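First the structure, in the form of structure tokens, and then the observations on it.
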Amino acid sequence: MAEAQKDSPVDSPKVKVAAAAAAPKPQHKPAAKKPDKGGYCWGLGRRKTSVARVRIKPGGGKLLINKRELSDYFARTQDKETVLAPLKAVECEKAFDVFVNVRGGGTTGQSGAARLGIARALKNYDENYLQLLRDGGYLTRDSRMVERKKPGKSGARKRFQFSKR
């Protein structure tokens with residue numbers, strides 16, 4: 001009887017492999033991070049040498065950067081629009097309170113870092129925003145950095161003035 005079970009086609013290794021391949025594999029979607037105990041969703045943004053830590057929670061539309069209002073922190077309208085762009089893309093400028101802590105770099109780098117951080121926090125809050133943010137390019141990290149200075153040159157690529165004689 002043991003020989004009959006050994007030779008049965010159901011128990012052969014080829015059938016087991018075929019059955020495993022035919023079984024549908026579950027598609028796992030990355031789960032959105034739940035709000036922390038304060039009700040905040042977090043996002044981290046980087047641009048050049050700037051790093052922005054962003055917290056959002058449903059509220060009245062308050063936006064603070066380093067404990068200052070947006071218009072007080074960024075003087076240029078280009079930087080203000082950059083920070084607000086992800087919120088406008090999902091049409092919820094007044095639906096969230098946004099708190100940004102940003103360090104390093106200059107104003108352009110800081111506004112770009114805040115933009116990425118806000119977009120990531122919105123994505124963590126609600127996955128339905130993912131496609132809108134991705135279509136606008138707000139979830140793409142801009143990896144361009146300043147090139148290092150090379151020895152024997154006055155900058156990264158600039159050379160000293162050439163003198164023939």
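The way I read the labels, and the way they are meant: chains A, B, ... in the order of the structure tokens, residue 1 as the first residue of every chain, and ligand 1 as the first ligand shown, with later ones counted on from there.
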### Distance query range 128-141 of chain A at most 9 Å, only C-alpha atoms, self and fewer than 5 positions along chain excluded, as a ChimeraX atom specification
/A:45-47,85-86,89-90,113,115-120,122-123
Limited to N, CA and C atoms, could you put the picked residues into a file as a PDB file, in the first residue's frame?
ATOM      1  N   GLY A  45      10.987  65.147   4.007  1.00  0.00           N
ATOM      2  CA  GLY A  45      11.365  65.637   2.689  1.00  0.00           C
ATOM      3  C   GLY A  45      12.798  66.114   2.683  1.00  0.00           C
ATOM      4  N   ARG A  46      13.479  65.874   1.563  1.00  0.00           N
ATOM      5  CA  ARG A  46      14.863  66.331   1.415  1.00  0.00           C
ATOM      6  C   ARG A  46      15.025  66.999   0.057  1.00  0.00           C
ATOM      7  N   ARG A  47      15.901  68.014   0.022  1.00  0.00           N
ATOM      8  CA  ARG A  47      16.247  68.690  -1.223  1.00  0.00           C
ATOM      9  C   ARG A  47      17.592  69.364  -1.002  1.00  0.00           C
ATOM     10  N   ALA A  85       1.958  73.660  -3.138  1.00  0.00           N
ATOM     11  CA  ALA A  85       1.569  72.909  -4.337  1.00  0.00           C
ATOM     12  C   ALA A  85       0.932  71.549  -4.050  1.00  0.00           C
ATOM     13  N   PRO A  86       1.484  70.701  -3.161  1.00  0.00           N
ATOM     14  CA  PRO A  86       0.824  69.410  -2.924  1.00  0.00           C
ATOM     15  C   PRO A  86      -0.569  69.547  -2.314  1.00  0.00           C
ATOM     16  N   ALA A  89      -2.912  70.400  -5.062  1.00  0.00           N
ATOM     17  CA  ALA A  89      -3.130  69.276  -5.971  1.00  0.00           C
ATOM     18  C   ALA A  89      -4.246  68.360  -5.470  1.00  0.00           C
ATOM     19  N   VAL A  90      -4.330  68.181  -4.159  1.00  0.00           N
ATOM     20  CA  VAL A  90      -5.385  67.330  -3.601  1.00  0.00           C
ATOM     21  C   VAL A  90      -6.585  68.154  -3.124  1.00  0.00           C
ATOM     22  N   ALA A 113      12.209  70.793   0.051  1.00  0.00           N
ATOM     23  CA  ALA A 113      12.139  69.745   1.072  1.00  0.00           C
ATOM     24  C   ALA A 113      10.773  69.740   1.753  1.00  0.00           C
ATOM     25  N   ARG A 115       7.977  70.737   0.425  1.00  0.00           N
ATOM     26  CA  ARG A 115       7.010  70.230  -0.558  1.00  0.00           C
ATOM     27  C   ARG A 115       6.973  68.710  -0.560  1.00  0.00           C
ATOM     28  N   LEU A 116       8.153  68.071  -0.600  1.00  0.00           N
ATOM     29  CA  LEU A 116       8.210  66.613  -0.596  1.00  0.00           C
ATOM     30  C   LEU A 116       7.684  66.056   0.722  1.00  0.00           C
ATOM     31  N   GLY A 117       8.016  66.697   1.836  1.00  0.00           N
ATOM     32  CA  GLY A 117       7.525  66.236   3.128  1.00  0.00           C
ATOM     33  C   GLY A 117       6.016  66.323   3.245  1.00  0.00           C
ATOM     34  N   ILE A 118       5.430  67.400   2.758  1.00  0.00           N
ATOM     35  CA  ILE A 118       3.970  67.549   2.792  1.00  0.00           C
ATOM     36  C   ILE A 118       3.314  66.495   1.911  1.00  0.00           C
ATOM     37  N   ALA A 119       3.881  66.263   0.739  1.00  0.00           N
ATOM     38  CA  ALA A 119       3.315  65.256  -0.170  1.00  0.00           C
ATOM     39  C   ALA A 119       3.365  63.864   0.457  1.00  0.00           C
ATOM     40  N   ARG A 120       4.476  63.532   1.103  1.00  0.00           N
ATOM     41  CA  ARG A 120       4.586  62.215   1.737  1.00  0.00           C
ATOM     42  C   ARG A 120       3.634  62.086   2.923  1.00  0.00           C
ATOM     43  N   LEU A 122       0.725  63.619   3.204  1.00  0.00           N
ATOM     44  CA  LEU A 122      -0.610  63.456   2.629  1.00  0.00           C
ATOM     45  C   LEU A 122      -0.818  62.033   2.133  1.00  0.00           C
ATOM     46  N   LYS A 123       0.210  61.452   1.536  1.00  0.00           N
ATOM     47  CA  LYS A 123       0.120  60.071   1.058  1.00  0.00           C
ATOM     48  C   LYS A 123      -0.083  59.116   2.232  1.00  0.00           C
TER      49      LYS A 123
END
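Excluding Arg144 in chain A and any residue on its chain fewer than 5 positions from it, the residues at most 12 Å away by only C-alpha atoms are Arg46, Arg47, Lys48, Thr49, Ser50, Gly109 and Gly112 of chain A.
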Those selected residues, please, written with C-alpha atoms and delivered as a PDB file, in the first residue's frame.
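So selection39.pdb came out as:
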ATOM      1  CA  ARG A  46      14.863  66.331   1.415  1.00  0.00           C
ATOM      2  CA  ARG A  47      16.247  68.690  -1.223  1.00  0.00           C
ATOM      3  CA  LYS A  48      19.910  69.603  -1.729  1.00  0.00           C
ATOM      4  CA  THR A  49      21.187  69.788   1.858  1.00  0.00           C
ATOM      5  CA  SER A  50      17.823  70.645   3.441  1.00  0.00           C
ATOM      6  CA  GLY A 109      16.189  73.821  -0.916  1.00  0.00           C
ATOM      7  CA  GLY A 112      11.563  71.898  -2.003  1.00  0.00           C
TER       8      GLY A 112
END
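Shortest separation to Asp126 in chain A among A:Gly105, A:Ile56, A:Gln161, A:Arg148 occurs at residue A:Ile56, atoms counted being only C-alpha atoms.
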Taking the chain letters and numbering used in this document, name the residues of range 40-164 of chain A that DSSP puts in helix (DSSP H, G or I), as a PDB file with C-alpha atoms, in the first residue's frame.
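Listing of result-v2.pdb after writing:
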ATOM      1  CA  LEU A  70       4.527  80.747   5.731  1.00  0.00           C
ATOM      2  CA  SER A  71       4.600  84.379   4.574  1.00  0.00           C
ATOM      3  CA  ASP A  72       6.995  85.299   7.391  1.00  0.00           C
ATOM      4  CA  TYR A  73       9.397  82.436   6.710  1.00  0.00           C
ATOM      5  CA  THR A  77       6.269  83.900  -3.838  1.00  0.00           C
ATOM      6  CA  GLN A  78       7.938  81.083  -5.779  1.00  0.00           C
ATOM      7  CA  ASP A  79       8.920  79.389  -2.503  1.00  0.00           C
ATOM      8  CA  LYS A  80       5.466  79.898  -0.991  1.00  0.00           C
ATOM      9  CA  GLU A  81       3.784  78.353  -4.044  1.00  0.00           C
ATOM     10  CA  THR A  82       6.220  75.435  -3.970  1.00  0.00           C
ATOM     11  CA  VAL A  83       5.265  74.614  -0.380  1.00  0.00           C
ATOM     12  CA  LEU A  84       1.513  74.886  -1.057  1.00  0.00           C
ATOM     13  CA  ALA A  85       1.569  72.909  -4.337  1.00  0.00           C
ATOM     14  CA  PRO A  86       0.824  69.410  -2.924  1.00  0.00           C
ATOM     15  CA  LEU A  87      -2.072  70.758  -0.846  1.00  0.00           C
ATOM     16  CA  LYS A  88      -3.537  72.463  -3.923  1.00  0.00           C
ATOM     17  CA  ALA A  89      -3.130  69.276  -5.971  1.00  0.00           C
ATOM     18  CA  THR A 107      15.431  78.978   0.834  1.00  0.00           C
ATOM     19  CA  THR A 108      14.940  77.061  -2.427  1.00  0.00           C
ATOM     20  CA  GLY A 109      16.189  73.821  -0.916  1.00  0.00           C
ATOM     21  CA  GLN A 110      14.050  74.283   2.169  1.00  0.00           C
ATOM     22  CA  SER A 111      10.894  74.964   0.169  1.00  0.00           C
ATOM     23  CA  GLY A 112      11.563  71.898  -2.003  1.00  0.00           C
ATOM     24  CA  ALA A 113      12.139  69.745   1.072  1.00  0.00           C
ATOM     25  CA  ALA A 114       8.917  71.014   2.659  1.00  0.00           C
ATOM     26  CA  ARG A 115       7.010  70.230  -0.558  1.00  0.00           C
ATOM     27  CA  LEU A 116       8.210  66.613  -0.596  1.00  0.00           C
ATOM     28  CA  GLY A 117       7.525  66.236   3.128  1.00  0.00           C
ATOM     29  CA  ILE A 118       3.970  67.549   2.792  1.00  0.00           C
ATOM     30  CA  ALA A 119       3.315  65.256  -0.170  1.00  0.00           C
ATOM     31  CA  ARG A 120       4.586  62.215   1.737  1.00  0.00           C
ATOM     32  CA  ALA A 121       2.516  63.119   4.798  1.00  0.00           C
ATOM     33  CA  LEU A 122      -0.610  63.456   2.629  1.00  0.00           C
ATOM     34  CA  LYS A 123       0.120  60.071   1.058  1.00  0.00           C
ATOM     35  CA  ASN A 124       0.434  58.523   4.525  1.00  0.00           C
ATOM     36  CA  TYR A 125      -2.823  60.165   5.594  1.00  0.00           C
ATOM     37  CA  GLU A 127      -3.764  56.551  -0.120  1.00  0.00           C
ATOM     38  CA  ASN A 128      -6.422  58.009  -2.450  1.00  0.00           C
ATOM     39  CA  TYR A 129      -4.171  61.064  -2.792  1.00  0.00           C
ATOM     40  CA  LEU A 130      -1.305  58.924  -4.115  1.00  0.00           C
ATOM     41  CA  GLN A 131      -2.143  59.162  -7.829  1.00  0.00           C
ATOM     42  CA  LEU A 132      -2.801  62.918  -7.739  1.00  0.00           C
ATOM     43  CA  LEU A 133       0.495  63.543  -5.958  1.00  0.00           C
ATOM     44  CA  ARG A 134       2.407  61.220  -8.262  1.00  0.00           C
ATOM     45  CA  ASP A 135       0.915  62.808 -11.397  1.00  0.00           C
ATOM     46  CA  GLY A 136       1.994  66.245 -10.190  1.00  0.00           C
TER      47      GLY A 136
END
#### Entry: Members of range 22-116 of chain A assigned strand (DSSP E) by DSSP, as a VMD selection string
chain A and resid 41 to 47 50 to 58 63 to 65 68 to 69 96 to 103
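CA of Met145 in chain A lies 27.9 Å from CA of Glu69 in chain A.
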### Message
Can you measure CA of Glu147 in chain A to CA of Ala52 in chain A for me? One decimal in Å is fine.
### Response
21.7 Å
### Message
Using only C-alpha atoms, can you tell me which of A:Ser163, A:Asn101, A:Ser154, A:Pro35 comes closest to Arg68 in chain A?
### Response
A:Asn101
### Query
What is the CA of Gly61 in chain A to CA of Val100 in chain A distance in Å?
13.3 Å
### Query
Neighbours of Phe99 in chain A within 8 Å (only C-alpha atoms; same-chain residues fewer than 2 positions away dropped), as number ranges by chain?
A: 54-56, 63-67, 97, 101
### Message
Calculated over only C-alpha atoms, which of the candidates A:Asp142, A:Gly39, A:Phe162, A:Val51 has the smallest distance to Phe96 in chain A?
### Response
A:Gly39
